[in-house]
>>> print(open('my_file.json').read())   # JSON, N, CA and C atoms
[["chain", "number", "residue", "atom", "x", "y", "z"],
["A", 1, "MET", "N", -79.64, 139.93, 221.98],
["A", 1, "MET", "CA", -78.59, 140.02, 220.99],
["A", 1, "MET", "C", -78.83, 139.07, 219.83],
["A", 2, "SER", "N", -79.38, 137.92, 220.09],
["A", 2, "SER", "CA", -79.59, 136.98, 219.01],
["A", 2, "SER", "C", -80.58, 137.52, 217.98],
["A", 3, "GLU", "N", -81.59, 138.26, 218.44],
["A", 3, "GLU", "CA", -82.54, 138.84, 217.49],
["A", 3, "GLU", "C", -81.84, 139.88, 216.62],
["A", 4, "SER", "N", -81.00, 140.71, 217.22],
["A", 4, "SER", "CA", -80.25, 141.72, 216.48],
["A", 4, "SER", "C", -79.29, 141.06, 215.49],
["A", 5, "GLY", "N", -78.63, 139.98, 215.93],
["A", 5, "GLY", "CA", -77.72, 139.25, 215.04],
["A", 5, "GLY", "C", -78.46, 138.65, 213.86],
["A", 6, "THR", "N", -79.67, 138.16, 214.09],
["A", 6, "THR", "CA", -80.47, 137.59, 213.01],
["A", 6, "THR", "C", -80.87, 138.66, 212.01],
["A", 7, "GLU", "N", -81.26, 139.83, 212.52],
["A", 7, "GLU", "CA", -81.63, 140.93, 211.62],
["A", 7, "GLU", "C", -80.46, 141.36, 210.77],
["A", 8, "THR", "N", -79.26, 141.41, 211.35],
["A", 8, "THR", "CA", -78.06, 141.79, 210.60],
["A", 8, "THR", "C", -77.76, 140.76, 209.53],
["A", 9, "ALA", "N", -77.84, 139.49, 209.87],
["A", 9, "ALA", "CA", -77.58, 138.43, 208.88],
["A", 9, "ALA", "C", -78.57, 138.51, 207.74],
["A", 10, "THR", "N", -79.84, 138.74, 208.05],
["A", 10, "THR", "CA", -80.86, 138.85, 207.01],
["A", 10, "THR", "C", -80.61, 140.07, 206.13],
["A", 11, "ALA", "N", -80.26, 141.18, 206.72],
["A", 11, "ALA", "CA", -79.97, 142.39, 205.94],
["A", 11, "ALA", "C", -78.77, 142.17, 205.04],
["A", 12, "THR", "N", -77.77, 141.47, 205.52],
["A", 12, "THR", "CA", -76.58, 141.19, 204.72],
["A", 12, "THR", "C", -76.92, 140.32, 203.52],
["A", 13, "GLU", "N", -77.77, 139.33, 203.71],
["A", 13, "GLU", "CA", -78.15, 138.44, 202.62],
["A", 13, "GLU", "C", -78.81, 139.20, 201.47],
["A", 14, "HIS", "N", -79.56, 140.25, 201.80],
["A", 14, "HIS", "CA", -80.23, 141.02, 200.76],
["A", 14, "HIS", "C", -79.27, 141.87, 199.95],
["A", 15, "HIS", "N", -78.07, 142.12, 200.46],
["A", 15, "HIS", "CA", -77.11, 142.96, 199.76],
["A", 15, "HIS", "C", -76.08, 142.17, 198.96],
["A", 16, "VAL", "N", -76.16, 140.86, 198.95],
["A", 16, "VAL", "CA", -75.23, 140.03, 198.19],
["A", 16, "VAL", "C", -75.54, 140.18, 196.71],
["A", 17, "ARG", "N", -74.53, 140.52, 195.94],
["A", 17, "ARG", "CA", -74.68, 140.65, 194.49],
["A", 17, "ARG", "C", -73.99, 139.49, 193.81],
["A", 18, "HIS", "N", -74.63, 138.93, 192.85],
["A", 18, "HIS", "CA", -74.02, 137.85, 192.09],
["A", 18, "HIS", "C", -73.29, 138.44, 190.89],
["A", 19, "LEU", "N", -72.09, 137.95, 190.63],
["A", 19, "LEU", "CA", -71.34, 138.42, 189.49],
["A", 19, "LEU", "C", -71.95, 137.84, 188.22],
["A", 20, "PRO", "N", -72.03, 138.63, 187.16],
["A", 20, "PRO", "CA", -72.62, 138.11, 185.92],
["A", 20, "PRO", "C", -71.74, 137.00, 185.33],
["A", 21, "PRO", "N", -72.36, 135.97, 184.79],
["A", 21, "PRO", "CA", -71.58, 134.85, 184.24],
["A", 21, "PRO", "C", -70.96, 135.18, 182.88],
["A", 22, "PHE", "N", -69.77, 134.65, 182.67],
["A", 22, "PHE", "CA", -69.05, 134.78, 181.40],
["A", 22, "PHE", "C", -68.68, 133.41, 180.86],
["A", 23, "LYS", "N", -68.83, 133.24, 179.55],
["A", 23, "LYS", "CA", -68.43, 131.99, 178.90],
["A", 23, "LYS", "C", -66.95, 132.06, 178.55],
["A", 24, "VAL", "N", -66.25, 130.96, 178.73],
["A", 24, "VAL", "CA", -64.86, 130.81, 178.31],
["A", 24, "VAL", "C", -64.91, 129.91, 177.08],
["A", 25, "ILE", "N", -64.50, 130.46, 175.94],
["A", 25, "ILE", "CA", -64.69, 129.78, 174.65],
["A", 25, "ILE", "C", -63.35, 129.39, 174.02],
["A", 26, "LEU", "N", -63.21, 128.12, 173.71],
["A", 26, "LEU", "CA", -62.04, 127.59, 173.01],
["A", 26, "LEU", "C", -62.30, 127.67, 171.52],
["A", 27, "HIS", "N", -61.33, 128.20, 170.77],
["A", 27, "HIS", "CA", -61.45, 128.31, 169.32],
["A", 27, "HIS", "C", -60.52, 127.31, 168.64],
["A", 28, "ASN", "N", -61.00, 126.77, 167.54],
["A", 28, "ASN", "CA", -60.20, 125.82, 166.77],
["A", 28, "ASN", "C", -59.06, 126.54, 166.06],
["A", 29, "ASP", "N", -57.96, 125.84, 165.89],
["A", 29, "ASP", "CA", -56.86, 126.34, 165.06],
["A", 29, "ASP", "C", -56.24, 125.16, 164.34],
["A", 30, "ASP", "N", -55.41, 125.46, 163.37],
["A", 30, "ASP", "CA", -54.77, 124.40, 162.59],
["A", 30, "ASP", "C", -53.33, 124.18, 163.03],
["A", 31, "VAL", "N", -52.97, 124.68, 164.20],
["A", 31, "VAL", "CA", -51.59, 124.63, 164.66],
["A", 31, "VAL", "C", -51.39, 123.60, 165.77],
["A", 32, "ASN", "N", -52.25, 123.63, 166.77],
["A", 32, "ASN", "CA", -52.07, 122.79, 167.94],
["A", 32, "ASN", "C", -52.65, 121.39, 167.76],
["A", 33, "THR", "N", -51.98, 120.42, 168.36],
["A", 33, "THR", "CA", -52.46, 119.04, 168.29],
["A", 33, "THR", "C", -53.59, 118.82, 169.29],
["A", 34, "PHE", "N", -54.36, 117.78, 169.05],
["A", 34, "PHE", "CA", -55.42, 117.42, 169.99],
["A", 34, "PHE", "C", -54.82, 117.19, 171.37],
["A", 35, "GLU", "N", -53.71, 116.49, 171.41],
["A", 35, "GLU", "CA", -53.07, 116.17, 172.69],
["A", 35, "GLU", "C", -52.70, 117.44, 173.46],
["A", 36, "HIS", "N", -52.10, 118.42, 172.77],
["A", 36, "HIS", "CA", -51.71, 119.66, 173.43],
["A", 36, "HIS", "C", -52.93, 120.40, 173.98],
["A", 37, "VAL", "N", -54.00, 120.45, 173.19],
["A", 37, "VAL", "CA", -55.21, 121.15, 173.62],
["A", 37, "VAL", "C", -55.81, 120.45, 174.84],
["A", 38, "ILE", "N", -55.92, 119.15, 174.79],
["A", 38, "ILE", "CA", -56.52, 118.38, 175.90],
["A", 38, "ILE", "C", -55.67, 118.52, 177.16],
["A", 39, "VAL", "N", -54.37, 118.38, 177.04],
["A", 39, "VAL", "CA", -53.48, 118.50, 178.20],
["A", 39, "VAL", "C", -53.58, 119.91, 178.80],
["A", 40, "SER", "N", -53.66, 120.92, 177.95],
["A", 40, "SER", "CA", -53.78, 122.30, 178.44],
["A", 40, "SER", "C", -55.09, 122.51, 179.17],
["A", 41, "ILE", "N", -56.18, 121.99, 178.63],
["A", 41, "ILE", "CA", -57.48, 122.11, 179.29],
["A", 41, "ILE", "C", -57.42, 121.44, 180.66],
["A", 42, "LEU", "N", -56.84, 120.24, 180.72],
["A", 42, "LEU", "CA", -56.75, 119.52, 182.00],
["A", 42, "LEU", "C", -55.87, 120.26, 183.00],
["A", 43, "LYS", "N", -54.83, 120.90, 182.52],
["A", 43, "LYS", "CA", -53.90, 121.62, 183.39],
["A", 43, "LYS", "C", -54.54, 122.90, 183.95],
["A", 44, "LEU", "N", -55.34, 123.57, 183.14],
["A", 44, "LEU", "CA", -55.82, 124.90, 183.50],
["A", 44, "LEU", "C", -57.25, 124.95, 184.04],
["A", 45, "THR", "N", -58.03, 123.91, 183.85],
["A", 45, "THR", "CA", -59.44, 123.94, 184.26],
["A", 45, "THR", "C", -59.76, 122.73, 185.14],
["A", 46, "PRO", "N", -60.93, 122.76, 185.78],
["A", 46, "PRO", "CA", -61.35, 121.61, 186.58],
["A", 46, "PRO", "C", -62.07, 120.53, 185.76],
["A", 47, "LEU", "N", -62.03, 120.63, 184.43],
["A", 47, "LEU", "CA", -62.73, 119.66, 183.59],
["A", 47, "LEU", "C", -62.08, 118.28, 183.69],
["A", 48, "THR", "N", -62.90, 117.26, 183.52],
["A", 48, "THR", "CA", -62.42, 115.87, 183.52],
["A", 48, "THR", "C", -61.80, 115.55, 182.17],
["A", 49, "PRO", "N", -61.03, 114.48, 182.07],
["A", 49, "PRO", "CA", -60.48, 114.09, 180.76],
["A", 49, "PRO", "C", -61.57, 113.91, 179.70],
["A", 50, "GLU", "N", -62.69, 113.31, 180.06],
["A", 50, "GLU", "CA", -63.77, 113.10, 179.10],
["A", 50, "GLU", "C", -64.34, 114.43, 178.62],
["A", 51, "GLN", "N", -64.50, 115.39, 179.54],
["A", 51, "GLN", "CA", -65.01, 116.71, 179.17],
["A", 51, "GLN", "C", -64.00, 117.45, 178.30],
["A", 52, "ALA", "N", -62.73, 117.34, 178.63],
["A", 52, "ALA", "CA", -61.68, 118.01, 177.84],
["A", 52, "ALA", "C", -61.65, 117.47, 176.42],
["A", 53, "ILE", "N", -61.78, 116.17, 176.27],
["A", 53, "ILE", "CA", -61.80, 115.56, 174.93],
["A", 53, "ILE", "C", -63.03, 116.02, 174.16],
["A", 54, "ALA", "N", -64.19, 116.02, 174.82],
["A", 54, "ALA", "CA", -65.43, 116.43, 174.16],
["A", 54, "ALA", "C", -65.35, 117.88, 173.69],
["A", 55, "ARG", "N", -64.82, 118.77, 174.53],
["A", 55, "ARG", "CA", -64.72, 120.19, 174.16],
["A", 55, "ARG", "C", -63.73, 120.38, 173.01],
["A", 56, "THR", "N", -62.64, 119.62, 173.02],
["A", 56, "THR", "CA", -61.63, 119.70, 171.96],
["A", 56, "THR", "C", -62.23, 119.25, 170.63],
["A", 57, "VAL", "N", -62.95, 118.14, 170.63],
["A", 57, "VAL", "CA", -63.59, 117.64, 169.41],
["A", 57, "VAL", "C", -64.64, 118.63, 168.92],
["A", 58, "GLU", "N", -65.43, 119.17, 169.84],
["A", 58, "GLU", "CA", -66.45, 120.15, 169.45],
["A", 58, "GLU", "C", -65.82, 121.38, 168.79],
["A", 59, "ALA", "N", -64.74, 121.89, 169.38],
["A", 59, "ALA", "CA", -64.06, 123.06, 168.79],
["A", 59, "ALA", "C", -63.50, 122.70, 167.41],
["A", 60, "HIS", "N", -62.97, 121.52, 167.28],
["A", 60, "HIS", "CA", -62.41, 121.08, 165.99],
["A", 60, "HIS", "C", -63.50, 120.98, 164.92],
["A", 61, "GLU", "N", -64.64, 120.43, 165.31],
["A", 61, "GLU", "CA", -65.71, 120.19, 164.34],
["A", 61, "GLU", "C", -66.56, 121.43, 164.04],
["A", 62, "THR", "N", -66.75, 122.30, 165.03],
["A", 62, "THR", "CA", -67.65, 123.45, 164.83],
["A", 62, "THR", "C", -66.94, 124.80, 164.83],
["A", 63, "GLY", "N", -65.67, 124.81, 165.21],
["A", 63, "GLY", "CA", -64.92, 126.06, 165.23],
["A", 63, "GLY", "C", -64.74, 126.63, 166.62],
["A", 64, "GLN", "N", -65.62, 126.24, 167.56],
["A", 64, "GLN", "CA", -65.48, 126.72, 168.93],
["A", 64, "GLN", "C", -66.28, 125.84, 169.88],
["A", 65, "ALA", "N", -65.91, 125.93, 171.16],
["A", 65, "ALA", "CA", -66.61, 125.18, 172.20],
["A", 65, "ALA", "C", -66.54, 125.96, 173.51],
["A", 66, "VAL", "N", -67.64, 126.00, 174.24],
["A", 66, "VAL", "CA", -67.65, 126.63, 175.55],
["A", 66, "VAL", "C", -66.99, 125.67, 176.53],
["A", 67, "LEU", "N", -65.88, 126.12, 177.10],
["A", 67, "LEU", "CA", -65.18, 125.29, 178.08],
["A", 67, "LEU", "C", -65.89, 125.30, 179.42],
["A", 68, "LEU", "N", -66.25, 126.50, 179.88],
["A", 68, "LEU", "CA", -66.93, 126.63, 181.16],
["A", 68, "LEU", "C", -67.51, 128.02, 181.28],
["A", 69, "ILE", "N", -68.30, 128.21, 182.33],
["A", 69, "ILE", "CA", -68.91, 129.50, 182.60],
["A", 69, "ILE", "C", -68.51, 129.90, 184.02],
["A", 70, "THR", "N", -68.02, 131.13, 184.16],
["A", 70, "THR", "CA", -67.52, 131.60, 185.44],
["A", 70, "THR", "C", -67.71, 133.12, 185.51],
["A", 71, "ASN", "N", -67.13, 133.75, 186.51],
["A", 71, "ASN", "CA", -67.23, 135.21, 186.58],
["A", 71, "ASN", "C", -66.21, 135.85, 185.64],
["A", 72, "ARG", "N", -66.39, 137.14, 185.37],
["A", 72, "ARG", "CA", -65.57, 137.84, 184.38],
["A", 72, "ARG", "C", -64.07, 137.79, 184.69],
["A", 73, "GLU", "N", -63.72, 138.05, 185.94],
["A", 73, "GLU", "CA", -62.31, 138.09, 186.30],
["A", 73, "GLU", "C", -61.64, 136.74, 186.06],
["A", 74, "ARG", "N", -62.31, 135.68, 186.47],
["A", 74, "ARG", "CA", -61.74, 134.34, 186.27],
["A", 74, "ARG", "C", -61.70, 133.99, 184.78],
["A", 75, "ALA", "N", -62.74, 134.38, 184.04],
["A", 75, "ALA", "CA", -62.77, 134.12, 182.60],
["A", 75, "ALA", "C", -61.59, 134.81, 181.90],
["A", 76, "GLU", "N", -61.33, 136.06, 182.28],
["A", 76, "GLU", "CA", -60.20, 136.78, 181.69],
["A", 76, "GLU", "C", -58.87, 136.14, 182.05],
["A", 77, "LEU", "N", -58.78, 135.61, 183.26],
["A", 77, "LEU", "CA", -57.57, 134.89, 183.66],
["A", 77, "LEU", "C", -57.39, 133.63, 182.81],
["A", 78, "TYR", "N", -58.47, 132.90, 182.56],
["A", 78, "TYR", "CA", -58.38, 131.72, 181.69],
["A", 78, "TYR", "C", -57.88, 132.11, 180.30],
["A", 79, "VAL", "N", -58.36, 133.23, 179.76],
["A", 79, "VAL", "CA", -57.93, 133.69, 178.44],
["A", 79, "VAL", "C", -56.41, 133.88, 178.43],
["A", 80, "GLU", "N", -55.89, 134.53, 179.45],
["A", 80, "GLU", "CA", -54.45, 134.76, 179.54],
["A", 80, "GLU", "C", -53.67, 133.45, 179.71],
["A", 81, "GLN", "N", -54.17, 132.57, 180.54],
["A", 81, "GLN", "CA", -53.47, 131.31, 180.78],
["A", 81, "GLN", "C", -53.43, 130.45, 179.52],
["A", 82, "PHE", "N", -54.54, 130.39, 178.79],
["A", 82, "PHE", "CA", -54.55, 129.60, 177.55],
["A", 82, "PHE", "C", -53.66, 130.25, 176.50],
["A", 83, "ALA", "N", -53.59, 131.57, 176.47],
["A", 83, "ALA", "CA", -52.70, 132.25, 175.53],
["A", 83, "ALA", "C", -51.25, 131.86, 175.80],
["A", 84, "SER", "N", -50.89, 131.67, 177.07],
["A", 84, "SER", "CA", -49.52, 131.26, 177.39],
["A", 84, "SER", "C", -49.23, 129.84, 176.90],
["A", 85, "CYS", "N", -50.28, 129.09, 176.58],
["A", 85, "CYS", "CA", -50.13, 127.74, 176.01],
["A", 85, "CYS", "C", -50.32, 127.77, 174.50],
["A", 86, "SER", "N", -50.35, 128.96, 173.91],
["A", 86, "SER", "CA", -50.53, 129.15, 172.47],
["A", 86, "SER", "C", -51.89, 128.68, 171.97],
["A", 87, "LEU", "N", -52.92, 128.78, 172.82],
["A", 87, "LEU", "CA", -54.26, 128.41, 172.43],
["A", 87, "LEU", "C", -55.14, 129.66, 172.39],
["A", 88, "THR", "N", -56.09, 129.70, 171.46],
["A", 88, "THR", "CA", -56.98, 130.83, 171.36],
["A", 88, "THR", "C", -58.25, 130.56, 172.15],
["A", 89, "VAL", "N", -58.42, 131.34, 173.20],
["A", 89, "VAL", "CA", -59.60, 131.27, 174.06],
["A", 89, "VAL", "C", -60.07, 132.69, 174.26],
["A", 90, "THR", "N", -61.37, 132.89, 174.18],
["A", 90, "THR", "CA", -61.96, 134.20, 174.43],
["A", 90, "THR", "C", -63.02, 134.06, 175.53],
["A", 91, "CYS", "N", -63.49, 135.21, 175.99],
["A", 91, "CYS", "CA", -64.60, 135.18, 176.95],
["A", 91, "CYS", "C", -65.62, 136.21, 176.54],
["A", 92, "GLU", "N", -66.88, 135.93, 176.87],
["A", 92, "GLU", "CA", -67.96, 136.84, 176.56],
["A", 92, "GLU", "C", -69.09, 136.61, 177.57],
["A", 93, "PRO", "N", -69.93, 137.62, 177.74],
["A", 93, "PRO", "CA", -71.04, 137.46, 178.68],
["A", 93, "PRO", "C", -71.94, 136.28, 178.29],
["A", 94, "ASP", "N", -72.42, 135.57, 179.28],
["A", 94, "ASP", "CA", -73.35, 134.46, 179.04],
["A", 94, "ASP", "C", -74.76, 135.01, 179.18],
["A", 95, "GLU", "N", -75.31, 135.45, 178.07],
["A", 95, "GLU", "CA", -76.61, 136.12, 178.09],
["A", 95, "GLU", "C", -77.74, 135.16, 177.85]]
>>> encode(input="my_file.json", output="structure tokens")
Amino acid sequence: MSESGTETATATEHHVRHLPPFKVILHNDDVNTFEHVIVSILKLTPLTPEQAIARTVEAHETGQAVLLITNRERAELYVEQFASCSLTVTCEPDE
């Protein structure tokens, strides 16, 4: 039985599909304060305070910043959650 179990486990490993990665992108706006953006990032993502500040400054200076990379479903959820905080976040494939 152990040999059969090993063959099944090996066959299963070959059928695992990885979900394609998606970027979650924060866009700059002239409405929200730095504090609101940083607090929202900390509330909604696993980023550290230092990372949240860096992404906020990057979006302010360049117009956008990649917050994180995840699967499509989670990226779309982040877009909705940030919209509920009045922040503009989009997602796109990480090619």
>>> select_by_dssp(input="my_file.json", residues="segment 32-80 of chain A", states="helix (DSSP H, G or I)", output="PDB file with N, CA and C atoms, keeping the file's coordinate frame")
ATOM      1  N   PHE A  34     -54.360 117.780 169.050  1.00  0.00           N
ATOM      2  CA  PHE A  34     -55.420 117.420 169.990  1.00  0.00           C
ATOM      3  C   PHE A  34     -54.820 117.190 171.370  1.00  0.00           C
ATOM      4  N   GLU A  35     -53.710 116.490 171.410  1.00  0.00           N
ATOM      5  CA  GLU A  35     -53.070 116.170 172.690  1.00  0.00           C
ATOM      6  C   GLU A  35     -52.700 117.440 173.460  1.00  0.00           C
ATOM      7  N   HIS A  36     -52.100 118.420 172.770  1.00  0.00           N
ATOM      8  CA  HIS A  36     -51.710 119.660 173.430  1.00  0.00           C
ATOM      9  C   HIS A  36     -52.930 120.400 173.980  1.00  0.00           C
ATOM     10  N   VAL A  37     -54.000 120.450 173.190  1.00  0.00           N
ATOM     11  CA  VAL A  37     -55.210 121.150 173.620  1.00  0.00           C
ATOM     12  C   VAL A  37     -55.810 120.450 174.840  1.00  0.00           C
ATOM     13  N   ILE A  38     -55.920 119.150 174.790  1.00  0.00           N
ATOM     14  CA  ILE A  38     -56.520 118.380 175.900  1.00  0.00           C
ATOM     15  C   ILE A  38     -55.670 118.520 177.160  1.00  0.00           C
ATOM     16  N   VAL A  39     -54.370 118.380 177.040  1.00  0.00           N
ATOM     17  CA  VAL A  39     -53.480 118.500 178.200  1.00  0.00           C
ATOM     18  C   VAL A  39     -53.580 119.910 178.800  1.00  0.00           C
ATOM     19  N   SER A  40     -53.660 120.920 177.950  1.00  0.00           N
ATOM     20  CA  SER A  40     -53.780 122.300 178.440  1.00  0.00           C
ATOM     21  C   SER A  40     -55.090 122.510 179.170  1.00  0.00           C
ATOM     22  N   ILE A  41     -56.180 121.990 178.630  1.00  0.00           N
ATOM     23  CA  ILE A  41     -57.480 122.110 179.290  1.00  0.00           C
ATOM     24  C   ILE A  41     -57.420 121.440 180.660  1.00  0.00           C
ATOM     25  N   LEU A  42     -56.840 120.240 180.720  1.00  0.00           N
ATOM     26  CA  LEU A  42     -56.750 119.520 182.000  1.00  0.00           C
ATOM     27  C   LEU A  42     -55.870 120.260 183.000  1.00  0.00           C
ATOM     28  N   LYS A  43     -54.830 120.900 182.520  1.00  0.00           N
ATOM     29  CA  LYS A  43     -53.900 121.620 183.390  1.00  0.00           C
ATOM     30  C   LYS A  43     -54.540 122.900 183.950  1.00  0.00           C
ATOM     31  N   LEU A  44     -55.340 123.570 183.140  1.00  0.00           N
ATOM     32  CA  LEU A  44     -55.820 124.900 183.500  1.00  0.00           C
ATOM     33  C   LEU A  44     -57.250 124.950 184.040  1.00  0.00           C
ATOM     34  N   PRO A  49     -61.030 114.480 182.070  1.00  0.00           N
ATOM     35  CA  PRO A  49     -60.480 114.090 180.760  1.00  0.00           C
ATOM     36  C   PRO A  49     -61.570 113.910 179.700  1.00  0.00           C
ATOM     37  N   GLU A  50     -62.690 113.310 180.060  1.00  0.00           N
ATOM     38  CA  GLU A  50     -63.770 113.100 179.100  1.00  0.00           C
ATOM     39  C   GLU A  50     -64.340 114.430 178.620  1.00  0.00           C
ATOM     40  N   GLN A  51     -64.500 115.390 179.540  1.00  0.00           N
ATOM     41  CA  GLN A  51     -65.010 116.710 179.170  1.00  0.00           C
ATOM     42  C   GLN A  51     -64.000 117.450 178.300  1.00  0.00           C
ATOM     43  N   ALA A  52     -62.730 117.340 178.630  1.00  0.00           N
ATOM     44  CA  ALA A  52     -61.680 118.010 177.840  1.00  0.00           C
ATOM     45  C   ALA A  52     -61.650 117.470 176.420  1.00  0.00           C
ATOM     46  N   ILE A  53     -61.780 116.170 176.270  1.00  0.00           N
ATOM     47  CA  ILE A  53     -61.800 115.560 174.930  1.00  0.00           C
ATOM     48  C   ILE A  53     -63.030 116.020 174.160  1.00  0.00           C
ATOM     49  N   ALA A  54     -64.190 116.020 174.820  1.00  0.00           N
ATOM     50  CA  ALA A  54     -65.430 116.430 174.160  1.00  0.00           C
ATOM     51  C   ALA A  54     -65.350 117.880 173.690  1.00  0.00           C
ATOM     52  N   ARG A  55     -64.820 118.770 174.530  1.00  0.00           N
ATOM     53  CA  ARG A  55     -64.720 120.190 174.160  1.00  0.00           C
ATOM     54  C   ARG A  55     -63.730 120.380 173.010  1.00  0.00           C
ATOM     55  N   THR A  56     -62.640 119.620 173.020  1.00  0.00           N
ATOM     56  CA  THR A  56     -61.630 119.700 171.960  1.00  0.00           C
ATOM     57  C   THR A  56     -62.230 119.250 170.630  1.00  0.00           C
ATOM     58  N   VAL A  57     -62.950 118.140 170.630  1.00  0.00           N
ATOM     59  CA  VAL A  57     -63.590 117.640 169.410  1.00  0.00           C
ATOM     60  C   VAL A  57     -64.640 118.630 168.920  1.00  0.00           C
ATOM     61  N   GLU A  58     -65.430 119.170 169.840  1.00  0.00           N
ATOM     62  CA  GLU A  58     -66.450 120.150 169.450  1.00  0.00           C
ATOM     63  C   GLU A  58     -65.820 121.380 168.790  1.00  0.00           C
ATOM     64  N   ALA A  59     -64.740 121.890 169.380  1.00  0.00           N
ATOM     65  CA  ALA A  59     -64.060 123.060 168.790  1.00  0.00           C
ATOM     66  C   ALA A  59     -63.500 122.700 167.410  1.00  0.00           C
ATOM     67  N   HIS A  60     -62.970 121.520 167.280  1.00  0.00           N
ATOM     68  CA  HIS A  60     -62.410 121.080 165.990  1.00  0.00           C
ATOM     69  C   HIS A  60     -63.500 120.980 164.920  1.00  0.00           C
ATOM     70  N   GLU A  61     -64.640 120.430 165.310  1.00  0.00           N
ATOM     71  CA  GLU A  61     -65.710 120.190 164.340  1.00  0.00           C
ATOM     72  C   GLU A  61     -66.560 121.430 164.040  1.00  0.00           C
ATOM     73  N   THR A  62     -66.750 122.300 165.030  1.00  0.00           N
ATOM     74  CA  THR A  62     -67.650 123.450 164.830  1.00  0.00           C
ATOM     75  C   THR A  62     -66.940 124.800 164.830  1.00  0.00           C
ATOM     76  N   ARG A  72     -66.390 137.140 185.370  1.00  0.00           N
ATOM     77  CA  ARG A  72     -65.570 137.840 184.380  1.00  0.00           C
ATOM     78  C   ARG A  72     -64.070 137.790 184.690  1.00  0.00           C
ATOM     79  N   GLU A  73     -63.720 138.050 185.940  1.00  0.00           N
ATOM     80  CA  GLU A  73     -62.310 138.090 186.300  1.00  0.00           C
ATOM     81  C   GLU A  73     -61.640 136.740 186.060  1.00  0.00           C
ATOM     82  N   ARG A  74     -62.310 135.680 186.470  1.00  0.00           N
ATOM     83  CA  ARG A  74     -61.740 134.340 186.270  1.00  0.00           C
ATOM     84  C   ARG A  74     -61.700 133.990 184.780  1.00  0.00           C
ATOM     85  N   ALA A  75     -62.740 134.380 184.040  1.00  0.00           N
ATOM     86  CA  ALA A  75     -62.770 134.120 182.600  1.00  0.00           C
ATOM     87  C   ALA A  75     -61.590 134.810 181.900  1.00  0.00           C
ATOM     88  N   GLU A  76     -61.330 136.060 182.280  1.00  0.00           N
ATOM     89  CA  GLU A  76     -60.200 136.780 181.690  1.00  0.00           C
ATOM     90  C   GLU A  76     -58.870 136.140 182.050  1.00  0.00           C
ATOM     91  N   LEU A  77     -58.780 135.610 183.260  1.00  0.00           N
ATOM     92  CA  LEU A  77     -57.570 134.890 183.660  1.00  0.00           C
ATOM     93  C   LEU A  77     -57.390 133.630 182.810  1.00  0.00           C
ATOM     94  N   TYR A  78     -58.470 132.900 182.560  1.00  0.00           N
ATOM     95  CA  TYR A  78     -58.380 131.720 181.690  1.00  0.00           C
ATOM     96  C   TYR A  78     -57.880 132.110 180.300  1.00  0.00           C
ATOM     97  N   VAL A  79     -58.360 133.230 179.760  1.00  0.00           N
ATOM     98  CA  VAL A  79     -57.930 133.690 178.440  1.00  0.00           C
ATOM     99  C   VAL A  79     -56.410 133.880 178.430  1.00  0.00           C
ATOM    100  N   GLU A  80     -55.890 134.530 179.450  1.00  0.00           N
ATOM    101  CA  GLU A  80     -54.450 134.760 179.540  1.00  0.00           C
ATOM    102  C   GLU A  80     -53.670 133.450 179.710  1.00  0.00           C
TER     103      GLU A  80
END
>>> axis_aligned_box(input="my_file.json", around="segment 17-29 of chain A", padding_each_side="6 Å", output="lines of an AutoDock Vina configuration file")
center_x = -65.5
center_y = 132.9
center_z = 180.1
size_x = 30.4
size_y = 27.5
size_z = 43.6
>>> select_by_dssp(input="my_file.json", residues="chain A", states="strand (DSSP E)", output="number ranges by chain")
A: 21-27, 64-71, 89-93
>>> closest_residue(input="my_file.json", among="A:Gln81, A:Thr88, A:Thr56, A:Thr70", to="Leu19 of chain A", atoms="only C-alpha atoms")
A:Thr70
>>> residues_around(input="my_file.json", residues="Val24 of chain A", least_positions_apart="3", cutoff="10 Å", atoms="only C-alpha atoms", output="list in words")
Pro21, His27, Ala65, Val66, Leu67, Leu68, Ile69, Thr70, Asn71, Arg72, Arg74, Ala75, Glu76, Leu77, Tyr78, Val79, Val89, Thr90, Cys91, Glu92, Pro93 and Asp94 of chain A
>>> atom_distance(input="my_file.json", atom1="atom N of Leu87 of chain A", atom2="atom CA of Val37 of chain A")
8.0 Å
>>> residues_around(input="my_file.json", residues="Gly63 of chain A", least_positions_apart="6", cutoff="7 Å", atoms="only N, CA and C atoms", output="PyMOL selection string")
chain A and resi 26-29
>>> write_last_selection(input="my_file.json", atoms="N, CA and C atoms", output="compact mmCIF listing (two decimals), in the frame of the given file")
# COMPACT_ATOMS: atom_id res chain seq x y z
N LEU A 26 -63.21 128.12 173.71
CA LEU A 26 -62.04 127.59 173.01
C LEU A 26 -62.30 127.67 171.52
N HIS A 27 -61.33 128.20 170.77
CA HIS A 27 -61.45 128.31 169.32
C HIS A 27 -60.52 127.31 168.64
N ASN A 28 -61.00 126.77 167.54
CA ASN A 28 -60.20 125.82 166.77
C ASN A 28 -59.06 126.54 166.06
N ASP A 29 -57.96 125.84 165.89
CA ASP A 29 -56.86 126.34 165.06
C ASP A 29 -56.24 125.16 164.34
>>> atom_distance(input="my_file.json", atom1="atom N of Phe22 of chain A", atom2="atom N of His36 of chain A")
26.0 Å
>>> atom_distance(input="my_file.json", atom1="atom CA of Leu44 of chain A", atom2="atom CA of Val31 of chain A")
19.3 Å
>>> decode(input="my_file.json", residues="segment 56-68 of chain A", atoms="C-alpha atoms", output="PDB file, in the first residue's frame")
ATOM      1  CA  THR A  56       2.632  55.656  -0.363  1.00  0.00           C
ATOM      2  CA  VAL A  57       5.615  57.907  -1.114  1.00  0.00           C
ATOM      3  CA  GLU A  58       6.319  56.028  -4.354  1.00  0.00           C
ATOM      4  CA  ALA A  59       2.707  56.443  -5.515  1.00  0.00           C
ATOM      5  CA  HIS A  60       2.822  60.134  -4.602  1.00  0.00           C
ATOM      6  CA  GLU A  61       6.076  60.746  -6.459  1.00  0.00           C
ATOM      7  CA  THR A  62       5.571  58.530  -9.532  1.00  0.00           C
ATOM      8  CA  GLY A  63       1.790  58.233  -9.804  1.00  0.00           C
ATOM      9  CA  GLN A  64       1.560  54.582  -8.780  1.00  0.00           C
ATOM     10  CA  ALA A  65       3.163  51.852  -6.702  1.00  0.00           C
ATOM     11  CA  VAL A  66       2.853  48.075  -6.661  1.00  0.00           C
ATOM     12  CA  LEU A  67       1.552  47.174  -3.226  1.00  0.00           C
ATOM     13  CA  LEU A  68       1.884  43.418  -3.596  1.00  0.00           C
TER      14      LEU A  68
END
